[in-house]
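One file, final04.csv, is given below (CSV, C-alpha atoms).
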chain,number,residue,atom,x,y,z
A,10,MET,CA,27.3,3.1,-18.5
A,11,ALA,CA,23.6,3.2,-17.4
A,12,GLY,CA,22.5,1.6,-14.2
A,13,THR,CA,18.9,1.0,-13.2
A,14,ILE,CA,16.4,2.6,-15.7
A,15,SER,CA,12.7,3.1,-14.8
A,16,ARG,CA,10.5,3.9,-17.8
A,17,GLY,CA,6.9,4.9,-17.7
A,18,ILE,CA,5.1,3.2,-20.6
A,19,LYS,CA,2.0,4.8,-22.0
A,20,ALA,CA,-1.1,2.7,-22.5
A,21,PRO,CA,-4.6,3.0,-23.8
A,22,ILE,CA,-7.4,3.9,-21.3
A,23,ILE,CA,-8.3,0.4,-19.9
A,24,ARG,CA,-11.9,-0.6,-19.4
A,25,GLN,CA,-13.7,-3.6,-17.9
A,26,GLY,CA,-13.3,-6.6,-20.2
A,27,ASP,CA,-10.1,-5.5,-21.9
A,28,ASP,CA,-7.3,-8.0,-22.4
A,29,ILE,CA,-4.8,-6.6,-20.0
A,30,VAL,CA,-2.1,-9.1,-20.9
A,31,LYS,CA,-2.2,-8.2,-24.6
A,32,ILE,CA,-2.4,-4.5,-23.9
A,33,VAL,CA,0.7,-4.6,-21.6
A,34,ALA,CA,2.7,-6.6,-24.1
A,35,ASP,CA,1.6,-4.4,-27.0
A,36,SER,CA,2.4,-1.2,-25.1
A,37,VAL,CA,5.9,-2.3,-24.0
A,38,LEU,CA,6.9,-3.5,-27.5
A,39,ALA,CA,5.5,-0.3,-29.1
A,40,ALA,CA,7.5,1.8,-26.7
A,41,ALA,CA,10.6,-0.1,-27.4
A,42,THR,CA,10.2,0.5,-31.2
A,43,ALA,CA,9.2,4.2,-30.8
A,44,ASP,CA,11.9,5.1,-28.3
A,45,GLY,CA,14.7,2.9,-29.5
A,46,PHE,CA,15.4,0.5,-26.7
A,47,LYS,CA,15.6,-3.3,-26.5
A,48,LEU,CA,14.1,-5.7,-23.9
A,49,GLN,CA,16.7,-7.8,-22.1
A,50,ASP,CA,16.6,-10.8,-19.9
A,51,ARG,CA,15.6,-10.0,-16.3
A,52,ASP,CA,14.0,-6.7,-17.3
A,53,VAL,CA,10.9,-6.2,-15.1
A,54,VAL,CA,7.5,-5.3,-16.6
A,55,CYS,CA,5.3,-3.8,-13.9
A,56,VAL,CA,1.6,-2.9,-14.0
A,57,THR,CA,-0.3,-0.9,-11.5
A,58,GLU,CA,-3.0,-2.9,-9.7
A,59,ALA,CA,-5.6,-0.4,-10.6
A,60,VAL,CA,-5.8,-1.3,-14.3
A,61,VAL,CA,-5.6,-5.0,-13.6
A,62,ALA,CA,-8.7,-4.8,-11.3
A,63,ARG,CA,-10.4,-2.5,-13.8
A,64,ALA,CA,-10.0,-4.9,-16.7
A,65,ASP,CA,-11.3,-7.7,-14.5
A,66,GLY,CA,-14.3,-5.6,-13.5
A,67,ASN,CA,-13.6,-6.1,-9.8
A,68,TYR,CA,-16.0,-3.5,-8.4
A,69,ALA,CA,-18.5,-3.4,-5.6
A,70,SER,CA,-21.2,-0.9,-4.5
A,71,THR,CA,-22.0,0.6,-1.1
A,72,GLU,CA,-25.1,-1.6,-1.1
A,73,ASP,CA,-22.9,-4.7,-1.4
A,74,ILE,CA,-20.6,-3.5,1.4
A,75,ALA,CA,-23.7,-2.7,3.6
A,76,ALA,CA,-25.2,-6.2,3.0
A,77,ASP,CA,-21.9,-8.0,4.0
A,78,VAL,CA,-21.3,-5.7,7.0
A,79,LYS,CA,-24.9,-6.2,8.3
A,80,ALA,CA,-24.7,-10.0,7.8
A,81,LYS,CA,-21.3,-10.3,9.6
A,82,LEU,CA,-21.7,-7.6,12.4
A,83,GLY,CA,-25.4,-7.6,13.1
A,84,GLY,CA,-26.6,-4.3,11.7
A,85,GLU,CA,-26.9,-2.5,15.0
A,86,THR,CA,-24.1,-0.5,16.7
A,87,ILE,CA,-20.7,-1.2,15.0
A,88,GLY,CA,-17.3,0.0,16.1
A,89,VAL,CA,-15.1,1.2,13.2
A,90,VAL,CA,-11.6,1.1,14.4
A,91,PHE,CA,-8.4,2.8,13.0
A,92,PRO,CA,-9.5,3.7,9.5
A,93,ILE,CA,-7.0,5.7,7.4
A,94,LEU,CA,-7.9,9.3,6.6
A,95,SER,CA,-8.6,9.2,2.8
A,96,ARG,CA,-11.3,10.4,0.5
A,97,ASN,CA,-10.0,8.0,-2.1
A,98,ARG,CA,-9.3,4.9,0.0
A,99,PHE,CA,-11.9,4.9,2.8
A,100,ALA,CA,-14.7,7.4,2.4
A,101,ILE,CA,-16.9,5.2,0.1
A,102,CYS,CA,-16.2,2.1,2.2
A,103,LEU,CA,-17.4,4.1,5.2
A,104,ARG,CA,-20.6,5.0,3.4
A,105,GLY,CA,-21.2,1.3,2.8
A,106,ILE,CA,-20.4,0.4,6.4
A,107,ALA,CA,-22.8,3.1,7.7
A,108,LYS,CA,-25.6,1.8,5.4
A,109,GLY,CA,-25.2,-1.6,7.2
A,110,ALA,CA,-25.6,-0.2,10.8
A,111,LYS,CA,-27.9,1.9,12.9
A,112,LYS,CA,-25.0,3.5,14.8
A,113,VAL,CA,-21.3,3.8,14.0
A,114,VAL,CA,-18.8,4.4,16.8
A,115,LEU,CA,-15.8,5.7,14.8
A,116,MET,CA,-12.5,5.3,16.6
A,117,LEU,CA,-9.6,7.3,15.1
A,118,SER,CA,-6.0,7.0,16.1
A,119,TYR,CA,-4.3,10.3,17.0
A,120,PRO,CA,-2.4,12.4,16.1
A,121,SER,CA,-2.1,10.4,12.9
A,122,ASP,CA,-3.5,7.3,11.1
A,123,GLU,CA,-1.5,4.2,10.4
A,124,VAL,CA,0.0,5.5,7.1
A,125,GLY,CA,1.0,8.9,8.4
A,126,ASN,CA,-2.0,11.2,7.6
A,127,HIS,CA,-2.1,13.6,10.5
A,128,LEU,CA,-5.3,14.9,12.2
A,129,PHE,CA,-3.0,17.5,13.8
A,130,ASP,CA,0.7,18.2,14.3
A,131,MET,CA,2.5,16.0,16.9
A,132,ASP,CA,3.8,19.2,18.6
A,133,LEU,CA,0.3,20.1,19.7
A,134,LEU,CA,0.4,17.1,22.1
A,135,ASP,CA,3.3,18.4,24.0
A,136,ASP,CA,1.5,21.0,26.0
A,137,SER,CA,-2.0,19.4,25.9
A,138,GLY,CA,-1.6,17.2,29.0
A,139,ILE,CA,-3.0,14.3,27.0
A,140,ASN,CA,-1.3,10.9,27.0
A,141,PRO,CA,-1.9,9.4,23.5
A,142,TYR,CA,-1.0,5.9,24.7
A,143,THR,CA,-3.7,5.7,27.3
A,144,ASP,CA,-6.3,8.5,27.0
A,145,ILE,CA,-9.6,8.0,25.2
A,146,LEU,CA,-11.0,11.3,23.9
A,147,THR,CA,-14.6,12.2,23.1
A,148,LEU,CA,-15.2,14.5,20.2
A,149,ASP,CA,-15.8,17.4,22.5
A,150,ALA,CA,-12.5,16.7,24.4
A,151,TYR,CA,-10.7,16.4,21.1
A,152,ARG,CA,-12.1,19.7,19.8
A,153,ASN,CA,-11.3,21.5,23.1
A,154,ALA,CA,-7.7,20.3,23.0
A,155,PHE,CA,-6.9,20.5,19.3
A,156,GLY,CA,-9.6,22.6,17.6
A,157,TYR,CA,-10.7,22.3,14.0
A,158,ILE,CA,-7.7,21.4,11.8
A,159,LYS,CA,-7.7,20.8,8.1
A,160,HIS,CA,-5.2,18.5,6.4
A,161,PRO,CA,-2.4,20.8,4.8
A,162,PHE,CA,-2.6,19.1,1.4
A,163,THR,CA,-6.3,18.2,1.0
A,164,GLY,CA,-7.9,21.0,3.0
A,165,VAL,CA,-10.2,18.5,4.7
A,166,ASP,CA,-11.2,18.2,8.4
A,167,TYR,CA,-11.4,14.4,8.3
A,168,VAL,CA,-13.2,14.2,11.7
A,169,ASP,CA,-16.1,16.4,10.4
A,170,TYR,CA,-16.0,14.8,6.9
A,171,TYR,CA,-16.3,11.2,8.2
A,172,LYS,CA,-19.0,12.1,10.7
A,173,LYS,CA,-21.1,13.7,8.0
A,174,LEU,CA,-20.6,10.7,5.7
A,175,ILE,CA,-22.0,8.4,8.4
A,176,GLU,CA,-25.0,10.6,9.1
A,177,GLU,CA,-25.7,11.0,5.4
A,178,GLU,CA,-26.2,7.2,5.2
A,179,GLY,CA,-28.8,7.3,8.0
A,180,ALA,CA,-26.7,6.1,10.8
A,181,GLU,CA,-26.0,7.8,14.1
A,182,ALA,CA,-22.3,8.8,14.5
A,183,GLU,CA,-20.2,8.9,17.6
A,184,ILE,CA,-16.5,9.8,17.2
A,185,ILE,CA,-13.9,8.9,19.7
A,186,PHE,CA,-10.1,9.0,19.7
A,187,ALA,CA,-7.7,6.3,21.1
A,188,ASN,CA,-4.6,4.4,20.2
A,189,HIS,CA,-5.3,1.0,21.8
A,190,PRO,CA,-7.9,-1.0,19.8
A,191,GLU,CA,-9.5,-2.7,22.8
A,192,ALA,CA,-10.8,0.7,23.9
A,193,ILE,CA,-13.7,0.2,21.5
A,194,VAL,CA,-15.3,-2.5,23.7
A,195,LYS,CA,-16.5,0.2,26.1
A,196,PHE,CA,-18.8,1.4,23.4
A,197,THR,CA,-19.7,-1.8,21.4
A,198,LYS,CA,-18.6,-5.4,21.1
A,199,ASN,CA,-19.3,-5.7,17.4
A,200,VAL,CA,-16.3,-4.2,15.6
A,201,LEU,CA,-14.8,-3.8,12.2
A,202,CYS,CA,-11.0,-3.3,12.3
A,203,CYS,CA,-10.1,-1.0,9.5
A,204,ASP,CA,-6.3,-0.8,9.9
A,205,ILE,CA,-4.3,-2.3,7.1
A,206,HIS,CA,-1.0,-3.8,8.3
A,207,THR,CA,-1.9,-4.2,12.0
A,208,ARG,CA,-5.4,-5.5,11.5
A,209,GLU,CA,-4.8,-9.0,12.9
A,210,ARG,CA,-3.2,-7.7,16.1
A,211,SER,CA,-6.1,-5.2,16.6
A,212,LYS,CA,-8.7,-8.0,16.1
A,213,ARG,CA,-6.8,-10.3,18.5
A,214,ARG,CA,-6.7,-7.6,21.2
A,215,ILE,CA,-10.4,-6.6,20.8
A,216,LEU,CA,-11.5,-10.3,21.1
A,217,ALA,CA,-9.3,-10.7,24.2
A,218,ALA,CA,-10.9,-7.6,25.8
A,219,GLY,CA,-14.4,-9.0,25.3
A,220,GLY,CA,-15.3,-8.3,21.7
A,221,ASP,CA,-18.1,-10.4,20.2
A,222,LYS,CA,-18.4,-10.1,16.5
A,223,VAL,CA,-15.0,-8.8,15.2
A,224,CYS,CA,-13.9,-8.6,11.6
A,225,THR,CA,-11.2,-7.0,9.6
A,226,LEU,CA,-11.7,-5.2,6.3
A,227,SER,CA,-10.1,-8.2,4.7
A,228,GLU,CA,-13.2,-10.2,5.8
A,229,ILE,CA,-15.7,-7.9,4.1
A,230,LEU,CA,-16.3,-8.7,0.5
A,231,ASN,CA,-13.9,-11.6,0.6
A,232,GLU,CA,-16.6,-13.4,-1.3
A,233,SER,CA,-19.0,-12.0,-3.9
A,234,VAL,CA,-22.2,-10.4,-2.5
A,235,ASN,CA,-25.1,-10.2,-4.9
A,236,GLY,CA,-22.7,-10.7,-7.9
A,237,SER,CA,-20.3,-8.0,-6.7
A,238,GLY,CA,-16.5,-8.1,-7.1
A,239,PHE,CA,-14.4,-9.4,-4.3
A,240,ASN,CA,-11.0,-10.3,-3.1
A,241,PRO,CA,-10.6,-13.7,-1.3
A,242,SER,CA,-7.4,-12.6,0.5
A,243,TYR,CA,-7.9,-8.9,1.1
A,244,GLY,CA,-11.6,-8.1,0.9
A,245,LEU,CA,-12.0,-4.3,1.0
A,246,LEU,CA,-8.4,-3.7,1.8
A,247,GLY,CA,-6.6,-1.9,-1.1
A,248,SER,CA,-9.9,-0.6,-2.6
A,249,ASN,CA,-10.2,2.8,-4.2
A,250,LYS,CA,-13.1,5.1,-4.9
A,251,ALA,CA,-14.6,4.5,-8.4
A,252,THR,CA,-17.7,6.6,-8.1
A,253,GLU,CA,-19.7,8.1,-5.1
A,254,THR,CA,-21.4,4.8,-4.6
A,255,THR,CA,-18.8,2.2,-5.9
A,256,VAL,CA,-15.3,1.1,-5.1
A,257,LYS,CA,-12.7,-0.7,-7.3
A,258,LEU,CA,-11.3,-3.6,-5.2
A,259,PHE,CA,-7.7,-4.9,-5.1
A,260,PRO,CA,-7.2,-7.3,-8.0
A,261,LYS,CA,-8.0,-10.9,-7.3
A,262,ASN,CA,-6.1,-12.2,-10.4
A,263,ALA,CA,-2.8,-10.4,-9.9
A,264,GLN,CA,-0.6,-13.5,-9.7
A,265,GLU,CA,-2.2,-15.0,-12.8
A,266,VAL,CA,-1.8,-11.8,-14.8
A,267,ALA,CA,1.9,-11.4,-13.9
A,268,GLU,CA,2.6,-14.9,-15.0
A,269,GLN,CA,0.7,-14.4,-18.3
A,270,ILE,CA,2.5,-11.2,-19.1
A,271,GLN,CA,5.8,-13.0,-18.7
A,272,LYS,CA,4.7,-15.9,-20.9
A,273,GLU,CA,3.3,-13.5,-23.6
A,274,LEU,CA,6.5,-11.5,-23.9
A,275,ILE,CA,8.7,-14.7,-23.9
A,276,ALA,CA,6.5,-16.0,-26.7
A,277,ARG,CA,6.8,-12.8,-28.7
A,278,THR,CA,10.4,-12.0,-28.1
A,279,GLY,CA,12.2,-15.0,-26.7
A,280,ILE,CA,13.4,-12.8,-23.8
A,281,LYS,CA,12.6,-13.8,-20.3
A,282,VAL,CA,11.4,-10.7,-18.5
A,283,GLU,CA,10.0,-10.7,-14.9
A,284,ALA,CA,6.6,-9.3,-14.3
A,285,MET,CA,4.9,-7.7,-11.3
A,286,ILE,CA,1.5,-6.2,-10.4
A,287,TYR,CA,2.2,-3.4,-7.9
A,288,GLY,CA,0.3,-1.3,-5.5
A,289,ASP,CA,1.3,1.5,-3.2
A,290,GLY,CA,5.0,1.9,-2.6
A,291,ALA,CA,6.7,2.5,0.7
A,292,PHE,CA,8.2,6.0,1.2
A,293,LYS,CA,7.7,8.9,3.6
A,294,ASP,CA,6.8,12.4,2.6
A,295,PRO,CA,8.9,14.7,4.9
A,296,VAL,CA,6.3,17.5,4.6
A,297,GLY,CA,2.9,15.8,4.6
A,298,LYS,CA,4.4,12.9,6.7
A,299,ILE,CA,2.4,10.2,4.8
A,300,TRP,CA,3.9,6.8,4.4
A,301,GLU,CA,1.8,5.7,1.4
A,302,LEU,CA,1.4,1.9,2.0
A,303,ALA,CA,-2.4,2.1,1.8
A,304,ASP,CA,-2.5,-1.2,-0.1
A,305,PRO,CA,-2.2,-4.5,1.9
A,306,VAL,CA,1.0,-5.4,-0.1
A,307,VAL,CA,3.3,-3.6,-2.6
A,308,GLY,CA,3.7,-6.7,-4.8
A,309,ALA,CA,0.2,-8.0,-5.5
A,310,GLY,CA,1.5,-10.7,-7.9
A,311,TYR,CA,4.9,-11.4,-9.4
A,312,THR,CA,7.0,-13.9,-11.2
A,313,GLU,CA,9.4,-16.3,-9.5
A,314,GLY,CA,12.5,-14.2,-10.4
A,315,LEU,CA,11.4,-11.4,-8.0
A,316,LEU,CA,11.4,-13.5,-4.9
A,317,GLY,CA,13.8,-12.7,-2.1
A,318,LEU,CA,16.0,-9.7,-1.0
A,319,PRO,CA,18.9,-7.9,-2.6
A,320,ASN,CA,22.2,-9.6,-1.9
A,321,GLU,CA,24.6,-6.7,-2.3
A,322,VAL,CA,27.9,-5.5,-0.9
A,323,LYS,CA,28.5,-1.9,0.0
A,324,LEU,CA,31.0,-0.4,-2.4
A,325,LYS,CA,32.1,2.5,0.0
A,326,TYR,CA,32.6,-0.1,2.8
A,327,LEU,CA,35.0,-2.1,0.6
A,328,ALA,CA,36.7,1.1,-0.6
A,329,ASP,CA,37.2,2.5,2.9
A,330,ASN,CA,38.1,-0.8,4.7
A,331,ASP,CA,39.1,-3.9,2.8
A,332,PHE,CA,40.8,-1.9,0.0
A,333,ALA,CA,41.7,1.4,1.7
A,334,ASP,CA,45.3,1.1,0.4
A,335,LEU,CA,44.3,0.8,-3.3
A,336,SER,CA,43.1,3.4,-5.8
A,337,GLY,CA,42.3,3.8,-9.5
A,338,ALA,CA,42.1,0.8,-11.8
A,339,GLU,CA,43.6,-1.5,-9.1
A,340,LEU,CA,40.8,-0.5,-6.7
A,341,GLU,CA,38.1,-1.0,-9.3
A,342,GLU,CA,39.4,-4.4,-10.2
A,343,ALA,CA,39.6,-5.5,-6.6
A,344,ILE,CA,36.0,-4.5,-6.0
A,345,ARG,CA,34.8,-6.2,-9.1
A,346,HIS,CA,36.5,-9.4,-8.0
A,347,ARG,CA,35.0,-9.2,-4.5
A,348,ILE,CA,31.5,-8.7,-6.0
A,349,LYS,CA,31.9,-11.7,-8.3
A,350,GLU,CA,33.1,-13.8,-5.4
A,351,LYS,CA,30.5,-12.7,-2.8
A,352,GLU,CA,28.6,-15.2,-0.8
A,353,THR,CA,25.1,-16.1,-1.8
A,354,ASP,CA,23.7,-14.9,1.5
A,355,LEU,CA,25.4,-11.8,3.1
A,356,LYS,CA,23.0,-11.5,6.0
A,357,GLY,CA,25.0,-10.5,9.1
A,358,ASN,CA,28.2,-9.7,7.1
A,359,MET,CA,29.5,-6.2,7.7
A,360,VAL,CA,30.3,-5.9,4.0
A,361,SER,CA,26.5,-5.5,3.3
A,362,GLU,CA,26.0,-3.0,6.1
A,363,GLY,CA,24.0,0.0,4.9
A,364,THR,CA,22.3,-1.9,1.9
A,365,THR,CA,18.5,-1.7,1.9
A,366,PRO,CA,17.0,-4.7,3.9
A,367,ARG,CA,13.8,-4.9,1.9
A,368,ARG,CA,12.2,-7.4,-0.4
A,369,LEU,CA,12.8,-7.0,-4.1
A,370,THR,CA,9.1,-6.6,-4.8
A,371,ASP,CA,8.8,-3.8,-2.2
A,372,LEU,CA,11.8,-2.0,-3.6
A,373,ILE,CA,10.9,-2.4,-7.3
A,374,GLY,CA,7.2,-1.7,-6.6
A,375,SER,CA,8.1,1.5,-4.7
A,376,LEU,CA,10.2,2.6,-7.7
A,377,CYS,CA,7.3,1.9,-10.0
A,378,ASP,CA,4.8,3.7,-7.9
A,379,LEU,CA,6.9,6.9,-8.0
A,380,THR,CA,7.5,6.5,-11.7
A,381,SER,CA,3.9,6.0,-12.7
A,382,GLY,CA,2.4,8.6,-10.4
A,383,SER,CA,-1.3,8.7,-9.5
A,384,GLY,CA,-2.5,11.4,-11.8
A,385,ASP,CA,-2.6,12.1,-15.5
A,386,LYS,CA,0.8,10.7,-16.7
A,387,GLY,CA,-1.0,7.9,-18.5
A,388,THR,CA,1.8,5.3,-17.7
A,389,PRO,CA,0.2,2.5,-15.7
A,390,ILE,CA,3.0,0.2,-17.0
A,391,VAL,CA,6.6,0.6,-15.9
A,392,LEU,CA,9.6,-1.1,-17.4
A,393,VAL,CA,12.5,-1.4,-15.1
A,394,GLN,CA,15.8,-2.3,-16.8
A,395,ASN,CA,19.3,-3.1,-15.5
A,396,TYR,CA,18.0,-3.5,-11.9
A,397,PHE,CA,20.0,-6.7,-11.4
A,398,ASN,CA,23.2,-5.4,-12.9
A,399,ASN,CA,26.1,-4.4,-10.6
A,400,PHE,CA,29.5,-2.8,-10.7
A,401,ALA,CA,31.1,-6.0,-11.7
A,402,ASN,CA,29.2,-6.5,-14.9
What is this structure when it is put down as structure tokens?
Amino acid sequence: MAGTISRGIKAPIIRQGDDIVKIVADSVLAAATADGFKLQDRDVVCVTEAVVARADGNYASTEDIAADVKAKLGGETIGVVFPILSRNRFAICLRGIAKGAKKVVLMLSYPSDEVGNHLFDMDLLDDSGINPYTDILTLDAYRNAFGYIKHPFTGVDYVDYYKKLIEEEGAEAEIIFANHPEAIVKFTKNVLCCDIHTRERSKRRILAAGGDKVCTLSEILNESVNGSGFNPSYGLLGSNKATETTVKLFPKNAQEVAEQIQKELIARTGIKVEAMIYGDGAFKDPVGKIWELADPVVGAGYTEGLLGLPNEVKLKYLADNDFADLSGAELEEAIRHRIKEKETDLKGNMVSEGTTPRRLTDLIGSLCDLTSGSGDKGTPIVLVQNYFNNFAN
């Protein structure tokens, strides 16, 4: 009778050099024995990106970041555009960036960053006379209009916090507020685009407006610097604070690890599971307003069976429309038959209206992110079962 089941799987504390594939397989099979469940074909074994990168030793220091920033952006005045507001995600990166510059012009979007962290409540804009689509605010203008506001969950005034971080690293700090990336060229033509999902658009617009040296975070530490970790596709994107002077980068071997986990479990059990390395999920907090999505992708690496989108019919649509005259066992049998006979691609068909139009990896990764949490649960592995089952089977 059970539908989708999401199980957090406890694992040892994972350190650099550990065999992540063996640990995952051992942990899943130990949990199955201890808790009395069995693996099945098309179960999905998911592992948070953090422990994959940790096992691989994919770390970098603020000195490494500074060296790359200085080499690529000149080391003088650097524009830092649209960073997210996060002590975990961006603060240590900002320290490294400031080390590689004499002056940082920090341009923050307002009233919130890209992933929903708010500097202040949207309602404050209504009577301010400020147009967030066109107006560029200095720090004084921002303070006069909106004051000193701390984040409701973290208790941090991110404007003041980021300014102090820059100054602590010996760079001059100038803070401005704007929502169009090309505004930065009035202050400097050497720019680091720190937005995540809109980074290429920001870079394109800044270059078109006269930017000279313009990089995205994915172009910083996309190669090793002085033996550091790196990520060839995402650079600093998806990094997390490790210590006050180091970051753990997004895993560069996620696809390889996902495929090896699948092979390991097939070899041990004969059951073909799918496997995925996941990052931040995609869901909005109605109170804090944050969207998560601070990683460049939800599915960092995954096996072939997780490609594509769900292809599902909406049961209530069938019950209320196609089979409105049926009830009981006759209705259930009609719906089961329709599911078994559904087309392989239901795009544009009203029978799929209201089903979630997202990739399987984004849906399953979001489920796993919620299941594993980010604190002390100790379950960096998540086993998702019955995800591909439906009413007909």
Measuring atom to atom with all atoms listed in the file, identify which of A:Ala276, A:Val194, A:Leu230, A:Leu315 is nearest to Gly105 of chain A.
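With all atoms listed in the file as the atom set, the closest residue is A:Leu230.
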Non-local contacts of Glu265 of chain A (12 Å; only C-alpha atoms; under 2 positions in same chain excluded) as a short mmCIF file (atom, residue, chain, number, x, y, z; two decimals) with C-alpha atoms, keeping the file's coordinate frame:
data_model
loop_
_atom_site.label_atom_id
_atom_site.label_comp_id
_atom_site.auth_asym_id
_atom_site.auth_seq_id
_atom_site.Cartn_x
_atom_site.Cartn_y
_atom_site.Cartn_z
CA ILE A 29 -4.80 -6.60 -20.00
CA VAL A 30 -2.10 -9.10 -20.90
CA VAL A 61 -5.60 -5.00 -13.60
CA ASP A 65 -11.30 -7.70 -14.50
CA PRO A 260 -7.20 -7.30 -8.00
CA LYS A 261 -8.00 -10.90 -7.30
CA ASN A 262 -6.10 -12.20 -10.40
CA ALA A 263 -2.80 -10.40 -9.90
CA ALA A 267 1.90 -11.40 -13.90
CA GLU A 268 2.60 -14.90 -15.00
CA GLN A 269 0.70 -14.40 -18.30
CA ILE A 270 2.50 -11.20 -19.10
CA GLN A 271 5.80 -13.00 -18.70
CA LYS A 272 4.70 -15.90 -20.90
CA ALA A 284 6.60 -9.30 -14.30
CA MET A 285 4.90 -7.70 -11.30
CA ILE A 286 1.50 -6.20 -10.40
CA ALA A 309 0.20 -8.00 -5.50
CA GLY A 310 1.50 -10.70 -7.90
CA TYR A 311 4.90 -11.40 -9.40
CA THR A 312 7.00 -13.90 -11.20
#
Within 8 Å of Asp166 of chain A, counting all atoms listed in the file, which residues show up once you throw out same-chain ones fewer than 4 positions away? Write them as a list in words, please.
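After dropping sequence-adjacent residues, the list is Leu128, Tyr157, Ile158, Lys159, His160 and Tyr170 of chain A.
In this structure, atom CA of Asp204 of chain A sits 28.9 Å away from atom CA of Val391 of chain A.
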Within 10 Å of (-9.9, 7.5, 5.2), only C-alpha atoms: residues as a ChimeraX atom specification?
/A:91-103,117,122,126,167-168,170-171,203,303
